[in-house]
file my_file.txt (compact mmCIF, C-alpha atoms)
# COMPACT_ATOMS: atom_id res chain seq x y z
CA MET A 1 16.66 11.85 174.46
CA THR A 2 19.60 9.48 174.88
CA GLU A 3 21.37 8.56 171.66
CA ASP A 4 22.47 4.94 171.51
CA PHE A 5 24.05 5.40 168.08
CA THR A 6 25.69 8.17 166.04
CA ASN A 7 24.05 10.03 163.18
CA GLN A 8 26.68 8.63 160.85
CA GLN A 9 25.87 5.06 161.90
CA LEU A 10 22.14 5.64 161.42
CA TRP A 11 22.56 7.07 157.91
CA THR A 12 24.97 4.31 156.93
CA VAL A 13 22.33 1.78 157.95
CA ILE A 14 19.52 3.64 156.14
CA VAL A 15 21.44 4.00 152.86
CA GLY A 16 22.93 0.49 153.06
CA LEU A 17 19.60 -1.12 153.80
CA ALA A 18 17.79 0.82 151.06
CA LEU A 19 20.35 -0.23 148.44
CA GLY A 20 20.72 -3.78 149.79
CA SER A 21 16.97 -4.42 149.95
CA TYR A 22 16.48 -3.14 146.43
CA CYS A 23 19.28 -5.34 145.08
CA LEU A 24 17.73 -8.40 146.76
CA ARG A 25 14.38 -7.64 145.16
CA PHE A 26 15.88 -6.83 141.76
CA LEU A 27 18.12 -9.91 141.67
CA PHE A 28 15.74 -12.30 139.95
CA ILE A 29 12.88 -10.30 138.50
CA GLY A 30 15.19 -7.65 137.01
CA LEU A 31 18.20 -9.68 135.92
CA VAL A 32 16.71 -13.08 135.06
CA GLY A 33 13.62 -11.67 133.33
CA ASN A 34 12.16 -14.04 130.78
CA ARG A 35 15.06 -16.48 130.59
CA ALA A 36 13.98 -20.02 131.43
CA MET A 37 14.78 -21.24 134.92
CA PRO A 38 15.52 -24.91 135.61
CA GLU A 39 12.63 -27.14 136.75
CA TRP A 40 14.25 -28.01 140.11
CA LEU A 41 14.50 -24.30 140.96
CA LEU A 42 10.87 -23.67 139.98
CA ARG A 43 9.78 -26.67 142.05
CA HIS A 44 11.46 -25.15 145.12
CA LEU A 45 10.07 -21.69 144.42
CA ARG A 46 6.52 -23.04 144.44
CA TYR A 47 6.93 -23.57 148.19
CA THR A 48 8.54 -20.20 149.04
CA ALA A 49 5.43 -18.63 150.53
CA VAL A 50 4.17 -21.65 152.49
CA ALA A 51 7.65 -22.19 153.97
CA ILE A 52 8.87 -18.66 154.72
CA LEU A 53 5.69 -17.03 156.00
CA PRO A 54 5.03 -19.69 158.69
CA ALA A 55 8.72 -19.55 159.65
CA LEU A 56 8.44 -15.78 160.05
CA VAL A 57 5.28 -15.97 162.14
CA THR A 58 5.84 -18.99 164.42
CA PRO A 59 8.52 -17.42 166.68
CA LEU A 60 6.39 -14.25 166.95
CA VAL A 61 3.46 -16.39 168.15
CA VAL A 62 5.43 -18.56 170.57
CA TRP A 63 7.75 -15.87 171.95
CA PRO A 64 5.97 -12.52 171.47
CA GLN A 65 8.11 -9.43 172.02
CA ALA A 66 5.22 -7.65 173.78
CA THR A 67 5.47 -10.12 176.70
CA GLY A 68 9.26 -10.01 176.77
CA GLY A 69 9.49 -13.31 174.90
CA GLN A 70 7.35 -15.28 177.37
CA PRO A 71 4.78 -17.62 175.76
CA ASP A 72 1.35 -16.01 176.13
CA PRO A 73 -1.81 -18.22 176.15
CA ALA A 74 -3.95 -15.39 174.73
CA ARG A 75 -1.69 -14.87 171.70
CA ILE A 76 -1.21 -18.59 171.05
CA GLY A 77 -4.99 -19.11 171.32
CA ALA A 78 -5.71 -16.25 168.93
CA ALA A 79 -3.14 -17.64 166.46
CA LEU A 80 -4.85 -21.07 166.53
CA VAL A 81 -8.30 -19.51 166.03
CA THR A 82 -6.99 -17.46 163.07
CA PHE A 83 -5.40 -20.49 161.45
CA LEU A 84 -8.44 -22.77 161.94
CA VAL A 85 -10.91 -20.18 160.62
CA GLY A 86 -8.58 -19.62 157.65
CA LEU A 87 -8.44 -23.38 156.96
CA LEU A 88 -12.19 -23.87 157.27
CA THR A 89 -13.45 -20.78 155.44
CA LYS A 90 -10.52 -20.09 153.04
CA ASN A 91 -11.48 -16.47 153.68
CA VAL A 92 -8.56 -14.23 154.73
CA LEU A 93 -10.71 -11.39 156.05
CA ALA A 94 -12.90 -13.75 158.14
CA ALA A 95 -9.78 -15.35 159.63
CA ILE A 96 -8.28 -11.94 160.52
CA ALA A 97 -11.54 -10.79 162.12
CA ALA A 98 -11.87 -14.02 164.12
CA GLY A 99 -8.22 -13.81 165.17
CA ALA A 100 -8.43 -10.19 166.32
CA ALA A 101 -11.73 -10.76 168.17
CA SER A 102 -10.41 -13.88 169.92
CA LEU A 103 -7.17 -12.06 170.88
CA TYR A 104 -9.09 -9.31 172.70
CA VAL A 105 -11.42 -11.86 174.34
CA PHE A 106 -8.48 -14.02 175.50
CA LEU A 107 -6.50 -10.96 176.68
CA ALA A 108 -9.51 -9.89 178.74
CA LEU A 109 -9.95 -13.39 180.21
CA VAL A 110 -6.32 -14.29 180.99
CA MET B 1 -11.06 -16.08 144.59
CA SER B 2 -13.73 -14.48 142.44
CA GLY B 3 -11.28 -12.16 140.68
CA THR B 4 -12.81 -12.71 137.25
CA THR B 5 -15.87 -10.65 138.21
CA VAL B 6 -13.73 -7.49 138.26
CA LYS B 7 -12.58 -6.51 134.76
CA SER B 8 -9.66 -4.25 135.63
CA PRO B 9 -6.70 -6.16 137.13
CA ILE B 10 -5.63 -2.96 138.94
CA LEU B 11 -9.01 -2.71 140.68
CA ALA B 12 -8.95 -6.45 141.42
CA GLY B 13 -5.52 -6.05 143.03
CA MET B 14 -6.69 -3.08 145.06
CA ARG B 15 -9.82 -4.91 146.19
CA ASP B 16 -7.92 -8.06 147.20
CA SER B 17 -5.43 -5.93 149.15
CA ILE B 18 -8.07 -4.30 151.37
CA PRO B 19 -7.60 -6.79 154.26
CA PHE B 20 -3.91 -5.88 154.36
CA ILE B 21 -4.70 -2.27 155.17
CA PHE B 22 -5.31 -3.67 158.65
CA VAL B 23 -1.76 -5.05 158.63
CA ALA B 24 0.17 -2.30 156.93
CA GLY B 25 -1.59 0.34 159.02
CA PRO B 26 -0.79 -1.01 162.52
CA PHE B 27 2.62 -2.24 161.34
CA GLY B 28 3.58 1.20 160.00
CA LEU B 29 2.20 2.86 163.11
CA LEU B 30 4.26 0.51 165.25
CA PHE B 31 7.43 1.24 163.28
CA GLY B 32 6.87 5.00 163.55
CA VAL B 33 6.41 4.70 167.31
CA LEU B 34 9.39 2.41 167.81
CA ALA B 35 11.74 4.45 165.63
CA THR B 36 10.78 7.64 167.47
CA GLU B 37 11.32 5.94 170.84
CA ALA B 38 14.74 4.80 169.58
CA GLY B 39 15.67 8.45 168.95
CA LEU B 40 15.10 8.82 165.18
CA HIS B 41 13.81 12.21 164.07
CA LEU B 42 10.71 12.46 161.89
CA VAL B 43 12.74 13.00 158.71
CA GLU B 44 15.06 10.08 159.48
CA THR B 45 12.13 7.75 160.14
CA MET B 46 10.38 8.76 156.93
CA VAL B 47 13.47 8.57 154.69
CA PHE B 48 14.16 5.13 156.16
CA THR B 49 10.62 3.87 155.53
CA VAL B 50 10.29 5.24 151.99
CA SER B 51 13.77 4.22 150.80
CA THR B 52 13.98 0.77 152.37
CA PHE B 53 10.26 -0.08 152.18
CA ALA B 54 10.67 -3.31 154.17
CA GLY B 55 9.01 -3.27 157.58
CA ALA B 56 10.53 -6.35 159.16
CA ALA B 57 14.07 -5.32 158.11
CA GLN B 58 13.50 -1.79 159.44
CA PHE B 59 12.30 -3.15 162.79
CA THR B 60 15.38 -5.36 163.00
CA ALA B 61 17.73 -2.49 162.17
CA VAL B 62 16.24 -0.07 164.72
CA THR B 63 16.16 -2.72 167.46
CA LEU B 64 19.81 -3.62 166.87
CA LEU B 65 20.92 0.04 166.61
CA GLN B 66 19.47 0.61 170.07
CA ALA B 67 21.41 -2.40 171.37
CA HIS B 68 24.79 -0.82 170.42
CA THR B 69 25.33 -3.28 167.56
CA PRO B 70 28.19 -2.63 165.08
CA THR B 71 26.97 -1.10 161.80
CA LEU B 72 28.02 -4.06 159.68
CA ILE B 73 26.11 -6.54 161.87
CA VAL B 74 23.02 -4.29 161.80
CA LEU B 75 23.11 -4.27 157.99
CA LEU B 76 23.76 -8.00 157.65
CA SER B 77 20.97 -8.92 160.10
CA ALA B 78 18.41 -6.64 158.50
CA LEU B 79 19.32 -7.91 155.03
CA ALA B 80 19.11 -11.52 156.28
CA VAL B 81 15.57 -10.78 157.49
CA ASN B 82 14.90 -9.41 154.01
CA LEU B 83 16.47 -12.31 152.10
CA ARG B 84 12.97 -13.67 151.63
CA VAL B 85 12.16 -10.87 149.16
CA ALA B 86 14.87 -12.29 146.88
CA MET B 87 12.93 -15.55 146.98
CA TYR B 88 9.68 -13.66 146.29
CA SER B 89 11.37 -11.96 143.34
CA ALA B 90 12.53 -15.33 142.02
CA SER B 91 9.12 -16.88 142.61
CA LEU B 92 7.29 -14.18 140.60
CA THR B 93 9.85 -14.13 137.79
CA PRO B 94 8.15 -16.93 135.79
CA TYR B 95 4.96 -14.80 135.83
CA LEU B 96 6.32 -11.26 135.42
CA GLY B 97 9.67 -11.89 133.71
CA GLY B 98 8.20 -11.03 130.29
CA ALA B 99 7.30 -7.47 131.32
CA PRO B 100 9.35 -4.45 130.12
CA PHE B 101 12.51 -3.68 132.09
CA TRP B 102 11.24 -0.45 133.67
CA GLN B 103 8.13 -2.24 134.95
CA ARG B 104 10.26 -4.97 136.47
CA ALA B 105 12.52 -2.32 138.05
CA CYS B 106 9.47 -0.68 139.66
CA ALA B 107 7.98 -4.04 140.66
CA ALA B 108 11.25 -4.88 142.44
CA TYR B 109 10.87 -1.84 144.70
CA LEU B 110 7.28 -2.85 145.55
CA MET B 111 8.10 -6.51 146.30
CA VAL B 112 6.74 -6.90 149.84
CA ASP B 113 5.03 -9.72 151.76
CA GLN B 114 1.53 -8.51 150.93
CA SER B 115 1.97 -7.83 147.21
CA TYR B 116 3.83 -11.12 146.80
CA ALA B 117 1.31 -13.22 148.70
CA LEU B 118 -1.68 -11.76 146.83
CA SER B 119 -0.01 -11.95 143.42
CA ILE B 120 1.31 -15.51 143.64
CA ALA B 121 -2.10 -16.74 144.84
CA LYS B 122 -3.83 -14.95 141.95
CA PHE B 123 -1.33 -16.01 139.25
CA GLU B 124 -1.45 -19.65 140.36
CA ALA B 125 -5.26 -19.66 140.46
CA GLU B 126 -5.65 -17.96 137.05
CA PRO B 127 -2.90 -19.22 134.73
CA GLU B 128 -4.70 -17.71 131.71
CA MET B 129 -3.79 -14.15 132.78
CA THR B 130 -1.52 -12.29 130.34
CA VAL B 131 1.74 -10.66 131.45
CA PRO B 132 0.31 -7.08 131.22
CA GLN B 133 -2.72 -8.19 133.29
CA ARG B 134 -0.41 -9.72 135.89
CA VAL B 135 1.70 -6.53 136.04
CA ARG B 136 -1.41 -4.42 136.55
CA TYR B 137 -2.69 -6.76 139.25
CA PHE B 138 0.70 -6.63 141.03
CA PHE B 139 0.78 -2.81 140.99
CA GLY B 140 -2.89 -2.77 142.03
CA THR B 141 -2.02 -4.69 145.21
CA ASN B 142 0.34 -1.84 146.11
CA CYS B 143 -1.93 1.12 145.27
CA LEU B 144 -3.52 1.15 148.74
CA ILE B 145 -0.92 -0.67 150.83
CA ALA B 146 2.10 1.49 149.98
CA PRO B 147 0.44 4.85 150.84
CA VAL B 148 -1.12 3.34 153.98
CA TRP B 149 2.29 2.03 155.09
CA VAL B 150 4.00 5.39 154.59
CA LEU B 151 1.21 7.51 156.12
CA SER B 152 0.76 5.23 159.13
CA THR B 153 4.52 5.37 159.76
CA LEU B 154 4.22 9.15 159.72
CA ALA B 155 1.29 8.98 162.15
CA GLY B 156 3.27 6.65 164.42
CA ALA B 157 6.31 8.94 164.35
CA ILE B 158 4.12 11.92 165.28
CA LEU B 159 2.22 10.00 167.97
CA GLY B 160 5.48 8.74 169.40
CA ALA B 161 5.08 6.61 172.48
CA ARG B 162 1.42 7.40 173.07
CA VAL B 163 -0.08 4.18 171.59
CA PRO B 164 -1.34 2.14 174.57
CA GLN B 165 0.17 -1.31 175.06
CA SER B 166 -3.31 -2.78 175.68
CA TRP B 167 -4.12 -2.49 171.95
CA ALA B 168 -1.68 -5.39 171.35
CA ILE B 169 -0.92 -4.11 167.84
CA ASP B 170 2.25 -6.22 167.94
CA PHE B 171 0.02 -9.17 167.06
CA ALA B 172 -1.51 -7.67 163.90
CA LEU B 173 1.32 -9.14 161.81
CA PRO B 174 1.13 -12.78 163.04
CA ILE B 175 -2.68 -12.83 162.75
CA THR B 176 -2.71 -11.53 159.21
CA PHE B 177 0.05 -13.82 157.96
CA LEU B 178 -1.60 -16.86 159.55
CA ALA B 179 -4.88 -15.92 157.88
CA MET B 180 -3.03 -15.77 154.53
CA ILE B 181 -1.17 -19.06 155.00
CA ALA B 182 -4.14 -21.29 155.83
CA PRO B 183 -5.87 -21.10 152.41
CA MET B 184 -2.52 -21.75 150.64
CA LEU B 185 -2.20 -25.26 152.13
CA ARG B 186 -3.86 -27.02 149.22
CA SER B 187 -1.66 -30.14 148.81
CA PRO B 188 0.30 -32.50 151.10
CA ALA B 189 3.50 -30.91 149.75
CA HIS B 190 2.34 -27.44 150.85
CA VAL B 191 1.36 -28.74 154.30
CA ALA B 192 4.74 -30.46 154.70
CA ALA B 193 6.60 -27.30 153.62
CA ALA B 194 4.67 -25.18 156.13
CA PHE B 195 5.10 -27.70 158.94
CA VAL B 196 8.87 -27.93 158.44
CA GLY B 197 9.09 -24.12 158.10
CA CYS B 198 7.33 -23.72 161.47
CA SER B 199 9.31 -26.41 163.28
CA VAL B 200 12.73 -25.37 162.03
CA SER B 201 12.02 -21.70 162.77
CA LEU B 202 11.60 -22.63 166.45
CA LEU B 203 14.60 -25.00 166.54
CA ALA B 204 16.85 -22.50 164.72
CA ALA B 205 15.66 -19.42 166.65
CA GLY B 206 18.99 -19.26 168.50
CA LEU B 207 21.04 -18.77 165.34
CA PRO B 208 22.72 -15.36 165.14
CA TYR B 209 21.64 -12.53 162.81
CA ASN B 210 18.13 -13.94 162.34
CA LEU B 211 19.57 -16.63 160.09
CA GLY B 212 17.02 -19.04 161.63
CA LEU B 213 14.36 -17.61 159.30
CA ILE B 214 16.45 -18.27 156.19
CA VAL B 215 17.38 -21.78 157.36
CA ALA B 216 13.74 -22.60 158.18
CA GLY B 217 12.50 -21.19 154.87
CA ALA B 218 15.07 -23.16 152.88
CA ALA B 219 14.26 -26.36 154.82
CA GLY B 220 10.54 -25.86 154.18
CA MET B 221 11.06 -25.23 150.46
CA MET B 222 13.25 -28.32 150.09
CA THR B 223 10.65 -30.39 151.95
CA GLY B 224 7.84 -29.15 149.70
CA ALA B 225 9.85 -29.85 146.55
CA GLN B 226 10.82 -33.35 147.72
CA VAL B 227 7.27 -34.29 148.74
CA GLU B 228 6.03 -33.03 145.36
CA LEU B 229 8.62 -35.21 143.58
CA ILE B 230 7.69 -38.31 145.61
CA LEU B 231 3.94 -37.79 145.12
CA THR B 232 4.35 -37.15 141.38
CA ARG B 233 6.39 -40.35 140.99
CA ARG B 234 3.58 -42.28 142.66
CA GLY B 235 1.12 -40.83 140.19
CA TYR B 236 -0.59 -38.18 142.34
CA GLN B 237 -1.47 -34.84 140.80
CA VAL B 238 0.14 -32.09 142.92
call {"tool": "encode", "arguments": {"input": "my_file.txt", "output": "structure tokens"}}
result
Amino acid sequence: MTEDFTNQQLWTVIVGLALGSYCLRFLFIGLVGNRAMPEWLLRHLRYTAVAILPALVTPLVVWPQATGGQPDPARIGAALVTFLVGLLTKNVLAAIAAGAASLYVFLALV
Amino acid sequence: MSGTTVKSPILAGMRDSIPFIFVAGPFGLLFGVLATEAGLHLVETMVFTVSTFAGAAQFTAVTLLQAHTPTLIVLLSALAVNLRVAMYSASLTPYLGGAPFWQRACAAYLMVDQSYALSIAKFEAEPEMTVPQRVRYFFGTNCLIAPVWVLSTLAGAILGARVPQSWAIDFALPITFLAMIAPMLRSPAHVAAAFVGCSVSLLAAGLPYNLGLIVAGAAGMMTGAQVELILTRRGYQV
């Protein structure tokens, strides 16, 4: 097996990432606790999930790594089906099932 | 959500988290396979997964390590990918901030996409929940997902490169997140935040160190907050 990195580099990354990730997670819930946060901050936080999660997913849908970053009609189609079923049914499990089923159908067709 | 039919918040959290087994499982499997292909030994892969407990950041780190990236850049990129958990932590603080310190310290470790998404949806839908009930629900959402994540990583590391490409498990993550997002779009402000998050993530994709995600998330949050302000001033209930 070819090593692209040293053992020391790997362990530095593992330890650094473990500590860094924990600090990020602890920052607010651990340190702020029950102290009141200003209204403008709370107003922004209400939109964390609906802003970040789509931003995380969209590039993965448009430029999937599995196709080397080339837009793939099957994956984009499956993403649209998932989203529409989610909007119409408000049922997460139904949307996932529809999305997975449509992905395999589209992959077989394309 | 019909969460009130289940008395125990832990069981309610576990039940609501069941769909995410189908995310955490393939995602962990994928990480185990990828890390093994990159040259990590079983022990290295498992220590990484248990200590960091952040799939997307781990994927980023392993991908960059393989591309001969300097250690500091690997760390900064992976932490940038994980900056969103700081926002999750902040977003749940109004709901869980009253819990004892040790519970908050444990909750911080378990702050992942799935437990956050389930918890914030539940806490917003049922404002009458007490802090201990919320804490139990939050830990309940992790009772199945965390073991599944760790065990599937182990399975992936053992399987190595033998998972066929035709399974397209790379797309398990986008499908599940999209399924979660759709029911959250319950006001014009939420729709605007999501739309700007999507658009900016594509426009800012070229930014180094995955900063595009942070920029897009911040732009979406600011949009949502502004739209809420404008609508409230005009007398709409948001």
call {"tool": "atom_distance", "arguments": {"input": "my_file.txt", "atom1": "atom CA of Ser89 of chain B", "atom2": "atom CA of Leu173 of chain B"}}
result
21.2 Å
call {"tool": "atom_distance", "arguments": {"input": "my_file.txt", "atom1": "atom CA of Met111 of chain B", "atom2": "atom CA of Glu126 of chain B"}}
result
20.1 Å
call {"tool": "interface_residues", "arguments": {"input": "my_file.txt", "of": "chain A", "to": "chain B", "cutoff": "7 Å", "atoms": "only C-alpha atoms", "output": "number ranges by chain"}}
result
A: 1, 3-5, 9, 13-14, 16-18, 20-22, 24-30, 33-34, 43-48, 50-61, 66, 79, 82-83, 86-87, 90, 92-93, 95-96, 99
call {"tool": "write_last_selection", "arguments": {"input": "my_file.txt", "atoms": "C-alpha atoms", "output": "compact mmCIF listing (two decimals), in the frame of the given file"}}
result
# COMPACT_ATOMS: atom_id res chain seq x y z
CA MET A 1 16.66 11.85 174.46
CA GLU A 3 21.37 8.56 171.66
CA ASP A 4 22.47 4.94 171.51
CA PHE A 5 24.05 5.40 168.08
CA GLN A 9 25.87 5.06 161.90
CA VAL A 13 22.33 1.78 157.95
CA ILE A 14 19.52 3.64 156.14
CA GLY A 16 22.93 0.49 153.06
CA LEU A 17 19.60 -1.12 153.80
CA ALA A 18 17.79 0.82 151.06
CA GLY A 20 20.72 -3.78 149.79
CA SER A 21 16.97 -4.42 149.95
CA TYR A 22 16.48 -3.14 146.43
CA LEU A 24 17.73 -8.40 146.76
CA ARG A 25 14.38 -7.64 145.16
CA PHE A 26 15.88 -6.83 141.76
CA LEU A 27 18.12 -9.91 141.67
CA PHE A 28 15.74 -12.30 139.95
CA ILE A 29 12.88 -10.30 138.50
CA GLY A 30 15.19 -7.65 137.01
CA GLY A 33 13.62 -11.67 133.33
CA ASN A 34 12.16 -14.04 130.78
CA ARG A 43 9.78 -26.67 142.05
CA HIS A 44 11.46 -25.15 145.12
CA LEU A 45 10.07 -21.69 144.42
CA ARG A 46 6.52 -23.04 144.44
CA TYR A 47 6.93 -23.57 148.19
CA THR A 48 8.54 -20.20 149.04
CA VAL A 50 4.17 -21.65 152.49
CA ALA A 51 7.65 -22.19 153.97
CA ILE A 52 8.87 -18.66 154.72
CA LEU A 53 5.69 -17.03 156.00
CA PRO A 54 5.03 -19.69 158.69
CA ALA A 55 8.72 -19.55 159.65
CA LEU A 56 8.44 -15.78 160.05
CA VAL A 57 5.28 -15.97 162.14
CA THR A 58 5.84 -18.99 164.42
CA PRO A 59 8.52 -17.42 166.68
CA LEU A 60 6.39 -14.25 166.95
CA VAL A 61 3.46 -16.39 168.15
CA ALA A 66 5.22 -7.65 173.78
CA ALA A 79 -3.14 -17.64 166.46
CA THR A 82 -6.99 -17.46 163.07
CA PHE A 83 -5.40 -20.49 161.45
CA GLY A 86 -8.58 -19.62 157.65
CA LEU A 87 -8.44 -23.38 156.96
CA LYS A 90 -10.52 -20.09 153.04
CA VAL A 92 -8.56 -14.23 154.73
CA LEU A 93 -10.71 -11.39 156.05
CA ALA A 95 -9.78 -15.35 159.63
CA ILE A 96 -8.28 -11.94 160.52
CA GLY A 99 -8.22 -13.81 165.17
call {"tool": "atom_distance", "arguments": {"input": "my_file.txt", "atom1": "atom CA of Leu34 of chain B", "atom2": "atom CA of Leu64 of chain B"}}
result
12.1 Å
call {"tool": "residues_around", "arguments": {"input": "my_file.txt", "residues": "Leu109 of chain A", "least_positions_apart": "4", "cutoff": "12 Å", "atoms": "all atoms listed in the file", "output": "PyMOL selection string"}}
result
chain A and resi 73-75+77+102-105
call {"tool": "residues_around", "arguments": {"input": "my_file.txt", "residues": "Arg15 of chain B", "least_positions_apart": "3", "cutoff": "10 Å", "atoms": "all atoms listed in the file", "output": "ChimeraX atom specification"}}
result
/B:3,6,9-12,18-19,140-141,143-144
